>>> print(open('data.txt').read())   # compact mmCIF, C-alpha atoms
# COMPACT_ATOMS: atom_id res chain seq x y z
CA MET A 1 14.33 22.52 23.74
CA SER A 2 10.81 21.17 24.15
CA LEU A 3 11.35 18.10 21.97
CA VAL A 4 13.28 15.09 23.21
CA LEU A 5 13.44 13.44 19.78
CA ASP A 6 16.96 13.66 18.39
CA PRO A 7 17.32 16.56 15.90
CA ALA A 8 18.62 14.17 13.22
CA ALA A 9 15.43 12.13 13.60
CA GLN A 10 13.34 15.31 13.43
CA ASP A 11 15.04 16.13 10.13
CA LEU A 12 14.70 12.60 8.75
CA LEU A 13 11.00 12.31 9.51
CA PHE A 14 9.68 15.87 9.15
CA ARG A 15 11.98 18.86 8.68
CA GLU A 16 14.13 17.65 5.79
CA ALA A 17 11.83 14.92 4.46
CA ARG A 18 10.04 15.84 1.26
CA THR A 19 7.43 14.31 -1.01
CA ALA A 20 9.29 12.91 -4.01
CA ASN A 21 8.05 13.08 -7.59
CA THR A 22 11.07 11.41 -9.23
CA PHE A 23 13.13 8.45 -8.04
CA THR A 24 16.42 6.67 -8.69
CA ASP A 25 16.39 3.09 -10.03
CA GLU A 26 17.41 1.61 -6.67
CA PRO A 27 14.86 -1.07 -5.77
CA VAL A 28 12.83 -1.05 -2.58
CA THR A 29 13.11 -4.54 -1.10
CA ASP A 30 10.53 -6.65 0.71
CA GLU A 31 12.86 -6.54 3.71
CA GLN A 32 12.56 -2.76 3.80
CA VAL A 33 8.76 -2.91 3.62
CA GLN A 34 8.73 -5.52 6.36
CA ALA A 35 10.94 -3.31 8.57
CA ILE A 36 8.65 -0.33 7.95
CA TYR A 37 5.57 -2.36 8.83
CA ASP A 38 7.18 -3.85 11.93
CA LEU A 39 7.82 -0.32 13.18
CA VAL A 40 4.59 1.47 12.32
CA LYS A 41 2.22 -1.36 13.19
CA TYR A 42 2.51 -0.08 16.77
CA GLY A 43 0.87 3.27 15.98
CA PRO A 44 -2.39 3.64 17.91
CA THR A 45 -5.88 3.10 16.45
CA ALA A 46 -9.31 2.96 18.11
CA PHE A 47 -9.78 -0.44 19.79
CA ASN A 48 -6.51 -1.43 18.07
CA GLN A 49 -8.62 -2.05 14.98
CA THR A 50 -5.65 -1.48 12.61
CA PRO A 51 -7.80 -1.48 9.45
CA LEU A 52 -5.01 -0.47 7.03
CA ARG A 53 -4.20 -2.92 4.26
CA ILE A 54 -1.29 -2.56 1.86
CA THR A 55 -1.09 -3.79 -1.72
CA LEU A 56 2.44 -3.73 -3.15
CA VAL A 57 2.26 -3.26 -6.90
CA ARG A 58 5.42 -5.03 -8.08
CA SER A 59 4.74 -6.74 -11.42
CA PRO A 60 5.03 -4.60 -14.59
CA GLU A 61 1.61 -5.83 -15.66
CA ALA A 62 -0.05 -4.73 -12.40
CA ARG A 63 1.82 -1.42 -12.49
CA GLU A 64 0.43 -0.75 -15.95
CA ARG A 65 -3.10 -1.50 -14.78
CA LEU A 66 -2.68 0.88 -11.83
CA VAL A 67 -1.29 3.72 -13.93
CA GLN A 68 -4.49 3.72 -16.03
CA HIS A 69 -6.46 4.73 -12.93
CA MET A 70 -4.13 7.52 -11.82
CA SER A 71 -4.91 11.12 -12.70
CA GLU A 72 -2.81 12.37 -15.58
CA GLY A 73 -0.33 14.32 -13.47
CA ASN A 74 0.40 11.23 -11.35
CA GLN A 75 0.86 8.72 -14.16
CA GLU A 76 4.53 9.10 -15.02
CA LYS A 77 5.79 9.01 -11.46
CA THR A 78 3.57 6.03 -10.65
CA ALA A 79 4.90 4.24 -13.74
CA THR A 80 8.55 4.82 -12.82
CA ALA A 81 8.77 4.68 -9.00
CA PRO A 82 10.76 1.69 -7.68
CA LEU A 83 7.75 0.57 -5.63
CA VAL A 84 4.11 1.61 -5.48
CA ALA A 85 1.80 0.74 -2.59
CA ILE A 86 -1.99 1.00 -2.57
CA LEU A 87 -3.14 1.80 0.96
CA SER A 88 -6.72 0.77 1.67
CA ALA A 89 -9.18 0.46 4.55
CA ASP A 90 -10.60 -2.96 5.43
CA ASN A 91 -14.26 -2.28 6.21
CA GLU A 92 -14.60 -5.78 7.66
CA PHE A 93 -11.87 -5.19 10.27
CA HIS A 94 -14.36 -6.08 12.99
CA GLU A 95 -13.89 -9.79 12.30
CA GLU A 96 -10.38 -9.48 13.77
CA LEU A 97 -11.39 -7.24 16.70
CA PRO A 98 -11.84 -9.87 19.43
CA ALA A 99 -8.27 -11.07 18.74
CA LEU A 100 -6.85 -7.57 18.29
CA PHE A 101 -8.43 -6.02 21.39
CA PRO A 102 -8.78 -8.79 23.97
CA ALA A 103 -9.32 -6.20 26.74
CA PHE A 104 -12.80 -5.44 25.35
CA PRO A 105 -14.02 -8.23 23.07
CA GLN A 106 -17.56 -6.84 23.15
CA ALA A 107 -16.50 -3.91 20.93
CA LYS A 108 -17.23 -5.92 17.79
CA ASP A 109 -20.89 -6.36 18.65
CA LEU A 110 -21.43 -3.11 20.56
CA PHE A 111 -20.12 -0.67 17.97
CA PHE A 112 -19.50 -2.36 14.66
CA THR A 113 -22.49 -4.40 13.60
CA GLU A 114 -23.46 -1.72 11.03
CA ARG A 115 -21.40 -1.44 7.88
CA THR A 116 -21.77 2.37 7.93
CA ALA A 117 -20.21 2.58 11.39
CA ARG A 118 -17.39 0.31 10.28
CA GLU A 119 -16.70 2.35 7.16
CA GLY A 120 -16.48 5.57 9.14
CA SER A 121 -14.19 4.08 11.75
CA ALA A 122 -12.04 2.32 9.16
CA ALA A 123 -11.70 5.53 7.12
CA LEU A 124 -10.39 7.52 10.10
CA ASN A 125 -8.19 4.85 11.59
CA SER A 126 -6.69 3.64 8.33
CA ALA A 127 -5.82 7.26 7.53
CA LEU A 128 -3.97 7.48 10.86
CA GLN A 129 -2.11 4.33 9.87
CA ALA A 130 -1.40 5.71 6.39
CA ALA A 131 0.36 8.64 8.08
CA TYR A 132 2.33 6.28 10.32
CA PHE A 133 3.30 4.39 7.16
CA ILE A 134 4.55 7.57 5.46
CA VAL A 135 6.61 8.33 8.58
CA GLY A 136 7.90 4.75 8.47
CA VAL A 137 8.98 5.05 4.83
CA ARG A 138 11.03 8.05 5.88
CA ALA A 139 12.40 6.12 8.87
CA ALA A 140 13.81 3.66 6.31
CA GLY A 141 15.68 6.52 4.64
CA LEU A 142 13.33 6.47 1.68
CA ALA A 143 11.06 9.12 0.21
CA ALA A 144 7.31 8.75 -0.06
CA GLY A 145 5.13 10.25 -2.76
CA PRO A 146 1.57 9.95 -1.43
CA MET A 147 -1.20 10.61 -3.98
CA THR A 148 -4.96 10.94 -3.75
CA GLY A 149 -5.39 11.81 -7.42
CA PHE A 150 -6.75 8.52 -8.81
CA ASP A 151 -10.05 6.86 -9.70
CA ALA A 152 -10.83 5.18 -6.38
CA GLU A 153 -13.63 3.03 -7.78
CA GLY A 154 -11.40 1.91 -10.63
CA VAL A 155 -8.56 0.99 -8.26
CA ARG A 156 -10.98 -0.85 -6.00
CA LYS A 157 -12.37 -2.94 -8.85
CA GLU A 158 -8.94 -3.60 -10.33
CA PHE A 159 -7.05 -4.56 -7.17
CA LEU A 160 -9.39 -4.89 -4.17
CA ASP A 161 -12.97 -5.94 -3.47
CA ASP A 162 -16.19 -4.43 -2.13
CA ASP A 163 -14.95 -4.71 1.46
CA HIS A 164 -11.91 -2.49 0.88
CA THR A 165 -11.77 1.24 0.22
CA PRO A 166 -8.61 2.64 -1.38
CA LEU A 167 -7.26 5.68 0.48
CA ILE A 168 -3.91 6.72 -0.90
CA VAL A 169 -1.44 5.43 -3.47
CA VAL A 170 2.18 5.92 -2.38
CA ASN A 171 5.28 5.93 -4.58
CA ILE A 172 8.36 4.81 -2.65
CA GLY A 173 12.07 5.03 -3.41
CA ARG A 174 15.16 7.18 -3.23
CA PRO A 175 14.58 10.70 -4.57
CA GLY A 176 15.85 11.28 -8.12
CA GLU A 177 16.73 14.51 -9.89
CA ASN A 178 14.56 17.50 -9.10
CA ALA A 179 12.48 15.21 -6.93
CA SER A 180 10.64 17.89 -4.98
CA TYR A 181 8.92 21.20 -5.51
CA PRO A 182 10.11 24.10 -3.36
CA ARG A 183 8.59 23.62 0.08
CA SER A 184 5.21 25.31 0.38
CA PRO A 185 4.43 27.56 3.35
CA ARG A 186 2.72 26.21 6.44
CA LEU A 187 0.04 27.90 8.52
CA ALA A 188 1.30 29.76 11.58
CA PHE A 189 0.63 28.30 15.03
CA ASP A 190 -2.00 30.94 15.75
CA GLU A 191 -3.89 30.13 12.56
CA VAL A 192 -4.23 26.50 13.60
CA VAL A 193 -4.34 26.44 17.40
CA THR A 194 -6.92 28.12 19.63
CA THR A 195 -7.19 27.88 23.41
CA VAL A 196 -10.40 27.77 25.41
CA MET B 1 19.10 -3.12 9.43
CA SER B 2 16.56 -1.76 6.99
CA LEU B 3 15.67 1.31 9.05
CA VAL B 4 18.01 4.28 9.28
CA LEU B 5 16.03 5.95 12.09
CA ASP B 6 17.95 5.70 15.36
CA PRO B 7 16.67 2.79 17.54
CA ALA B 8 16.06 5.19 20.46
CA ALA B 9 13.81 7.27 18.21
CA GLN B 10 12.01 4.10 17.03
CA ASP B 11 11.33 3.27 20.67
CA LEU B 12 10.25 6.81 21.56
CA LEU B 13 7.79 7.14 18.68
CA PHE B 14 6.49 3.61 18.14
CA ARG B 15 7.97 0.60 19.91
CA GLU B 16 7.90 1.79 23.52
CA ALA B 17 5.30 4.54 23.16
CA ARG B 18 1.92 3.65 24.57
CA THR B 19 -1.53 5.23 24.74
CA ALA B 20 -1.90 6.63 28.28
CA ASN B 21 -5.08 6.47 30.32
CA THR B 22 -3.70 8.13 33.48
CA PHE B 23 -1.30 11.05 33.83
CA THR B 24 0.91 12.80 36.37
CA ASP B 25 0.12 16.37 37.42
CA GLU B 26 3.00 17.83 35.43
CA PRO B 27 1.58 20.54 33.15
CA VAL B 28 1.96 20.53 29.37
CA THR B 29 3.13 24.00 28.40
CA ASP B 30 2.25 26.15 25.41
CA GLU B 31 5.94 25.98 24.48
CA GLN B 32 5.71 22.22 24.22
CA VAL B 33 2.60 22.42 22.02
CA GLN B 34 4.30 25.01 19.84
CA ALA B 35 7.37 22.78 19.46
CA ILE B 36 5.15 19.82 18.53
CA TYR B 37 3.29 21.89 15.95
CA ASP B 38 6.48 23.33 14.50
CA LEU B 39 7.72 19.79 13.89
CA VAL B 40 4.62 18.05 12.57
CA LYS B 41 3.32 20.91 10.44
CA TYR B 42 5.73 19.61 7.78
CA GLY B 43 3.92 16.28 7.38
CA PRO B 44 2.54 15.95 3.85
CA THR B 45 -1.09 16.54 2.86
CA ALA B 46 -2.77 16.72 -0.57
CA PHE B 47 -2.07 20.10 -2.17
CA ASN B 48 -0.53 21.06 1.20
CA GLN B 49 -4.09 21.73 2.34
CA THR B 50 -3.22 21.13 6.04
CA PRO B 51 -6.86 21.16 7.20
CA LEU B 52 -6.16 20.13 10.82
CA ARG B 53 -7.21 22.59 13.50
CA ILE B 54 -6.40 22.20 17.19
CA THR B 55 -8.44 23.44 20.14
CA LEU B 56 -6.54 23.34 23.44
CA VAL B 57 -9.00 22.90 26.29
CA ARG B 58 -7.23 24.64 29.18
CA SER B 59 -9.80 26.35 31.39
CA PRO B 60 -11.55 24.22 34.04
CA GLU B 61 -14.90 25.51 32.78
CA ALA B 62 -14.19 24.41 29.20
CA ARG B 63 -12.82 21.09 30.41
CA GLU B 64 -16.06 20.45 32.26
CA ARG B 65 -18.11 21.24 29.16
CA LEU B 66 -15.98 18.83 27.10
CA VAL B 67 -16.23 15.98 29.59
CA GLN B 68 -20.03 16.04 29.27
CA HIS B 69 -19.69 15.05 25.62
CA MET B 70 -17.21 12.22 26.16
CA SER B 71 -18.39 8.63 26.37
CA GLU B 72 -18.53 7.35 29.90
CA GLY B 73 -15.30 5.38 29.78
CA ASN B 74 -13.41 8.45 28.56
CA GLN B 75 -14.74 10.97 31.08
CA GLU B 76 -12.38 10.52 34.01
CA LYS B 77 -9.19 10.61 31.99
CA THR B 78 -10.40 13.59 30.00
CA ALA B 79 -11.23 15.39 33.26
CA THR B 80 -7.80 14.75 34.78
CA ALA B 81 -5.28 14.89 31.92
CA PRO B 82 -2.86 17.84 32.11
CA LEU B 83 -3.94 18.97 28.65
CA VAL B 84 -6.73 17.98 26.28
CA ALA B 85 -6.76 18.88 22.58
CA ILE B 86 -9.73 18.67 20.24
CA LEU B 87 -8.47 17.87 16.74
CA SER B 88 -10.83 18.95 13.98
CA ALA B 89 -10.99 19.28 10.20
CA ASP B 90 -11.52 22.70 8.65
CA ASN B 91 -13.94 22.07 5.77
CA GLU B 92 -13.26 25.55 4.44
CA PHE B 93 -9.51 24.94 4.07
CA HIS B 94 -9.79 25.84 0.38
CA GLU B 95 -9.79 29.54 1.23
CA GLU B 96 -6.12 29.18 2.25
CA LEU B 97 -5.14 26.95 -0.70
CA PRO B 98 -3.78 29.56 -3.12
CA ALA B 99 -1.39 30.72 -0.38
CA LEU B 100 -0.60 27.20 0.85
CA PHE B 101 0.05 25.66 -2.57
CA PRO B 102 1.39 28.42 -4.80
CA ALA B 103 2.64 25.83 -7.34
CA PHE B 104 -0.96 25.13 -8.39
CA PRO B 105 -3.28 27.95 -7.33
CA GLN B 106 -6.04 26.59 -9.60
CA ALA B 107 -6.61 23.67 -7.19
CA LYS B 108 -9.09 25.69 -5.17
CA ASP B 109 -11.44 26.17 -8.11
CA LEU B 110 -10.74 22.93 -9.95
CA PHE B 111 -11.32 20.49 -7.11
CA PHE B 112 -12.85 22.17 -4.11
CA THR B 113 -15.85 24.26 -5.12
CA GLU B 114 -18.22 21.61 -3.71
CA ARG B 115 -18.53 21.30 0.05
CA THR B 116 -18.85 17.51 -0.24
CA ALA B 117 -15.50 17.27 -2.01
CA ARG B 118 -13.92 19.50 0.62
CA GLU B 119 -15.33 17.46 3.50
CA GLY B 120 -13.98 14.23 2.04
CA SER B 121 -10.55 15.68 1.42
CA ALA B 122 -10.43 17.43 4.80
CA ALA B 123 -11.45 14.22 6.60
CA LEU B 124 -8.63 12.20 5.06
CA ASN B 125 -5.93 14.85 5.25
CA SER B 126 -6.74 16.05 8.76
CA ALA B 127 -6.60 12.41 9.90
CA LEU B 128 -3.11 12.16 8.40
CA GLN B 129 -2.20 15.29 10.35
CA ALA B 130 -3.80 13.91 13.53
CA ALA B 131 -1.42 10.95 13.28
CA TYR B 132 1.55 13.28 12.73
CA PHE B 133 0.39 15.18 15.84
CA ILE B 134 0.29 11.98 17.93
CA VAL B 135 3.82 11.18 16.73
CA GLY B 136 4.80 14.75 17.63
CA VAL B 137 3.42 14.45 21.16
CA ARG B 138 5.64 11.42 21.59
CA ALA B 139 8.58 13.33 20.09
CA ALA B 140 8.14 15.78 22.98
CA GLY B 141 8.56 12.90 25.45
CA LEU B 142 4.87 12.99 26.32
CA ALA B 143 2.16 10.37 26.07
CA ALA B 144 -0.96 10.80 23.95
CA GLY B 145 -4.36 9.32 24.73
CA PRO B 146 -6.34 9.68 21.48
CA MET B 147 -10.09 9.05 21.78
CA THR B 148 -12.92 8.77 19.27
CA GLY B 149 -15.53 7.94 21.89
CA PHE B 150 -17.42 11.24 22.17
CA ASP B 151 -20.52 12.94 20.85
CA ALA B 152 -19.10 14.62 17.76
CA GLU B 153 -22.13 16.80 17.13
CA GLY B 154 -22.12 17.93 20.77
CA VAL B 155 -18.41 18.80 20.65
CA ARG B 156 -18.91 20.65 17.38
CA LYS B 157 -21.72 22.77 18.79
CA GLU B 158 -19.93 23.39 22.07
CA PHE B 159 -16.47 24.33 20.76
CA LEU B 160 -16.47 24.66 16.97
CA ASP B 161 -18.84 25.75 14.21
CA ASP B 162 -20.56 24.28 11.16
CA ASP B 163 -17.38 24.53 9.10
CA HIS B 164 -15.38 22.27 11.42
CA THR B 165 -15.71 18.53 12.01
CA PRO B 166 -14.23 17.10 15.21
CA LEU B 167 -12.06 14.04 14.56
CA ILE B 168 -10.28 12.97 17.71
CA VAL B 169 -9.90 14.24 21.27
CA VAL B 170 -6.39 13.70 22.64
CA ASN B 171 -5.30 13.66 26.27
CA ILE B 172 -1.68 14.73 26.65
CA GLY B 173 0.76 14.47 29.55
CA ARG B 174 3.28 12.28 31.30
CA PRO B 175 1.97 8.78 31.99
CA GLY B 176 0.76 8.20 35.55
CA GLU B 177 0.31 4.97 37.47
CA ASN B 178 -0.95 1.98 35.51
CA ALA B 179 -1.21 4.29 32.53
CA SER B 180 -1.50 1.63 29.84
CA TYR B 181 -3.21 -1.66 29.19
CA PRO B 182 -0.98 -4.57 28.22
CA ARG B 183 -0.06 -4.09 24.57
CA SER B 184 -2.54 -5.74 22.24
CA PRO B 185 -1.35 -8.00 19.43
CA ARG B 186 -0.79 -6.65 15.94
CA LEU B 187 -1.63 -8.30 12.64
CA ALA B 188 1.22 -10.19 11.00
CA PHE B 189 2.84 -8.75 7.88
CA ASP B 190 1.18 -11.36 5.67
CA GLU B 191 -2.26 -10.50 7.03
CA VAL B 192 -1.85 -6.86 6.01
CA VAL B 193 0.41 -6.82 2.95
CA THR B 194 -0.27 -8.48 -0.38
CA THR B 195 1.84 -8.25 -3.53
CA VAL B 196 0.54 -8.12 -7.08
>>> encode(input="data.txt", output="structure tokens")
Amino acid sequence: MSLVLDPAAQDLLFREARTANTFTDEPVTDEQVQAIYDLVKYGPTAFNQTPLRITLVRSPEARERLVQHMSEGNQEKTATAPLVAILSADNEFHEELPALFPAFPQAKDLFFTERTAREGSAALNSALQAAYFIVGVRAAGLAAGPMTGFDAEGVRKEFLDDDHTPLIVVNIGRPGENASYPRSPRLAFDEVVTTV
Amino acid sequence: MSLVLDPAAQDLLFREARTANTFTDEPVTDEQVQAIYDLVKYGPTAFNQTPLRITLVRSPEARERLVQHMSEGNQEKTATAPLVAILSADNEFHEELPALFPAFPQAKDLFFTERTAREGSAALNSALQAAYFIVGVRAAGLAAGPMTGFDAEGVRKEFLDDDHTPLIVVNIGRPGENASYPRSPRLAFDEVVTTV
């Protein structure tokens, strides 16, 4: 066995975990979200920039506003999931960098004075953190339903500001009836990995 | 306890896991890389597009070519790590889509005829997969040293082609002496999460 991670944990996080499209009514509590964050906040990012920001859409009024910006196939599940989170990148993360990466406080001025450089770095590193977050949702015994099918500019204007770029909207809860499609095939090792 | 993931697994993947900057001489085998891939290949991506590609840099000659493209602070560790992997995005992932997402074979022609749309989707989804890969390296009891400090265009020309965009170079192995910096602080929950 090449993995040291417990097989039950392998199943919980990857092998048995599935994207959910329906959910039960069981609420997702703030305590659960806090526990997820307190685990996945440790995932690595460049210069510890941790640009991911999370907007929990809890009020019925906000949920309705969000659903309007989702693509048609994502509207019903977004309307009915126990919790919906908008994951976004903070393109002004550099303001926090001297505190977040005390080993190299010059990073802010050496690499991130240009907005374009910040946007590129925030896009990559917040996507890493979005994946850690999805793993964390599963670590809480919940199912995630990550979606990229939405009007990003609409979501930005409705919930964020010009300094934040929405990445992914995630439905969160316990899987309901017929929650998942049959699992799709994955590429074989040799189709993905080459050695030089 | 809001998390159901075993505390030992929490430590292995997030709480105790650290980015390594030095490594022991113990090799990382192909079997270990295969086991990592066979776990993390199940992480979700949009339309199951799984655009991540992995180049294992094993030969001394290839390692030397890679080191030339790393930023100065990353050269020594990239030269000495037991294994180095170049993680890249396949911008032509749409060719595989009908096989990868049989539930919706129209996706290829509806959303991905334009290269720009493919590049954006591949950038986000391969970054998600890069994070799953880092988690997988840790699941194998190894340390990852992900780096974005390199000449991306140089790495592309040296090891890839115009259809692939390098994302992250990852050193992999068992941590050596003084492998990690002191852990940097993380943002508090309230600095990252807002509720609407």
>>> residues_around(input="data.txt", residues="segment 139-155 of chain A", least_positions_apart="2", cutoff="6 Å", atoms="only C-alpha atoms", output="list in words")
Thr19, Ala20, His69, Met70, Ser71, Gly136, Val137, Lys157, Glu158, Phe159, Ile168, Val169, Val170, Asn171, Ile172, Gly173 and Arg174 of chain A; Leu3, Val4 and Leu5 of chain B
>>> residues_around(input="data.txt", residues="Arg115 of chain A", least_positions_apart="3", cutoff="9 Å", atoms="all atoms listed in the file", output="PyMOL selection string")
chain A and resi 91-92+112+118-120
>>> residues_around(input="data.txt", residues="Glu177 of chain B", least_positions_apart="2", cutoff="12 Å", atoms="only C-alpha atoms", output="list in words")
Ala20, Asn21, Thr22, Phe23, Thr24, Asp25, Arg174, Pro175, Ala179, Ser180 and Tyr181 of chain B
>>> closest_atom_pairs(input="data.txt", of="chain B", to="chain A", cutoff="6 Å", atoms="all atoms listed in the file", output="CSV")
residue,atom,partner,partner_atom,distance
B:Ser2,CA,A:Gln32,CA,5.2
B:Leu3,CA,A:Ala140,CA,4.1
B:Val4,CA,A:Ala140,CA,5.2
B:Leu5,CA,A:Ala139,CA,4.9
B:Phe14,CA,A:Tyr42,CA,5.6
B:Gln32,CA,A:Ser2,CA,5.2
B:Tyr42,CA,A:Phe14,CA,5.6
B:Arg53,CA,A:Val192,CA,4.9
B:Ile54,CA,A:Val193,CA,4.7
B:Thr55,CA,A:Thr194,CA,4.9
B:Leu56,CA,A:Thr195,CA,4.6
B:Val57,CA,A:Val196,CA,5.1
B:Arg58,CA,A:Val196,CA,5.8
B:Leu100,CA,A:Pro185,CA,5.6
B:Phe101,CA,A:Ser184,CA,6.0
B:Ala127,CA,A:Leu128,CA,5.7
B:Leu128,CA,A:Ala131,CA,5.0
B:Ala131,CA,A:Leu128,CA,4.9
B:Ala139,CA,A:Leu5,CA,4.9
B:Ala140,CA,A:Leu3,CA,4.1
B:Gly141,CA,A:Val4,CA,5.7
B:Ser184,CA,A:Phe101,CA,6.0
B:Pro185,CA,A:Leu100,CA,5.6
B:Val192,CA,A:Arg53,CA,4.9
B:Val193,CA,A:Ile54,CA,4.7
B:Thr194,CA,A:Thr55,CA,4.9
B:Thr195,CA,A:Leu56,CA,4.6
B:Val196,CA,A:Val57,CA,5.2
>>> write_last_selection(input="data.txt", atoms="C-alpha atoms", output="PDB file, in the coordinates of the input")
ATOM      1  CA  SER B   2      16.560  -1.760   6.990  1.00  0.00           C
ATOM      2  CA  LEU B   3      15.670   1.310   9.050  1.00  0.00           C
ATOM      3  CA  VAL B   4      18.010   4.280   9.280  1.00  0.00           C
ATOM      4  CA  LEU B   5      16.030   5.950  12.090  1.00  0.00           C
ATOM      5  CA  PHE B  14       6.490   3.610  18.140  1.00  0.00           C
ATOM      6  CA  GLN B  32       5.710  22.220  24.220  1.00  0.00           C
ATOM      7  CA  TYR B  42       5.730  19.610   7.780  1.00  0.00           C
ATOM      8  CA  ARG B  53      -7.210  22.590  13.500  1.00  0.00           C
ATOM      9  CA  ILE B  54      -6.400  22.200  17.190  1.00  0.00           C
ATOM     10  CA  THR B  55      -8.440  23.440  20.140  1.00  0.00           C
ATOM     11  CA  LEU B  56      -6.540  23.340  23.440  1.00  0.00           C
ATOM     12  CA  VAL B  57      -9.000  22.900  26.290  1.00  0.00           C
ATOM     13  CA  ARG B  58      -7.230  24.640  29.180  1.00  0.00           C
ATOM     14  CA  LEU B 100      -0.600  27.200   0.850  1.00  0.00           C
ATOM     15  CA  PHE B 101       0.050  25.660  -2.570  1.00  0.00           C
ATOM     16  CA  ALA B 127      -6.600  12.410   9.900  1.00  0.00           C
ATOM     17  CA  LEU B 128      -3.110  12.160   8.400  1.00  0.00           C
ATOM     18  CA  ALA B 131      -1.420  10.950  13.280  1.00  0.00           C
ATOM     19  CA  ALA B 139       8.580  13.330  20.090  1.00  0.00           C
ATOM     20  CA  ALA B 140       8.140  15.780  22.980  1.00  0.00           C
ATOM     21  CA  GLY B 141       8.560  12.900  25.450  1.00  0.00           C
ATOM     22  CA  SER B 184      -2.540  -5.740  22.240  1.00  0.00           C
ATOM     23  CA  PRO B 185      -1.350  -8.000  19.430  1.00  0.00           C
ATOM     24  CA  VAL B 192      -1.850  -6.860   6.010  1.00  0.00           C
ATOM     25  CA  VAL B 193       0.410  -6.820   2.950  1.00  0.00           C
ATOM     26  CA  THR B 194      -0.270  -8.480  -0.380  1.00  0.00           C
ATOM     27  CA  THR B 195       1.840  -8.250  -3.530  1.00  0.00           C
ATOM     28  CA  VAL B 196       0.540  -8.120  -7.080  1.00  0.00           C
TER      29      VAL B 196
END
>>> atom_distance(input="data.txt", atom1="atom CA of Glu64 of chain A", atom2="atom CA of Gly176 of chain A")
21.1 Å
>>> closest_residue(input="data.txt", among="B:His94, B:His164, B:Arg156, B:Arg65", to="Asp109 of chain B", atoms="only C-alpha atoms")
B:His94
>>> atom_distance(input="data.txt", atom1="atom CA of Leu160 of chain B", atom2="atom CA of Ala79 of chain B")
19.5 Å
>>> atom_distance(input="data.txt", atom1="atom CA of Asp161 of chain B", atom2="atom CA of Thr113 of chain B")
19.6 Å
>>> axis_aligned_box(input="data.txt", around="segment 10-25 of chain A", padding_each_side="4 Å", output="JSON")
{"center_x": 11.9, "center_y": 11.0, "center_z": 1.7, "size_x": 17.0, "size_y": 23.8, "size_z": 31.5}
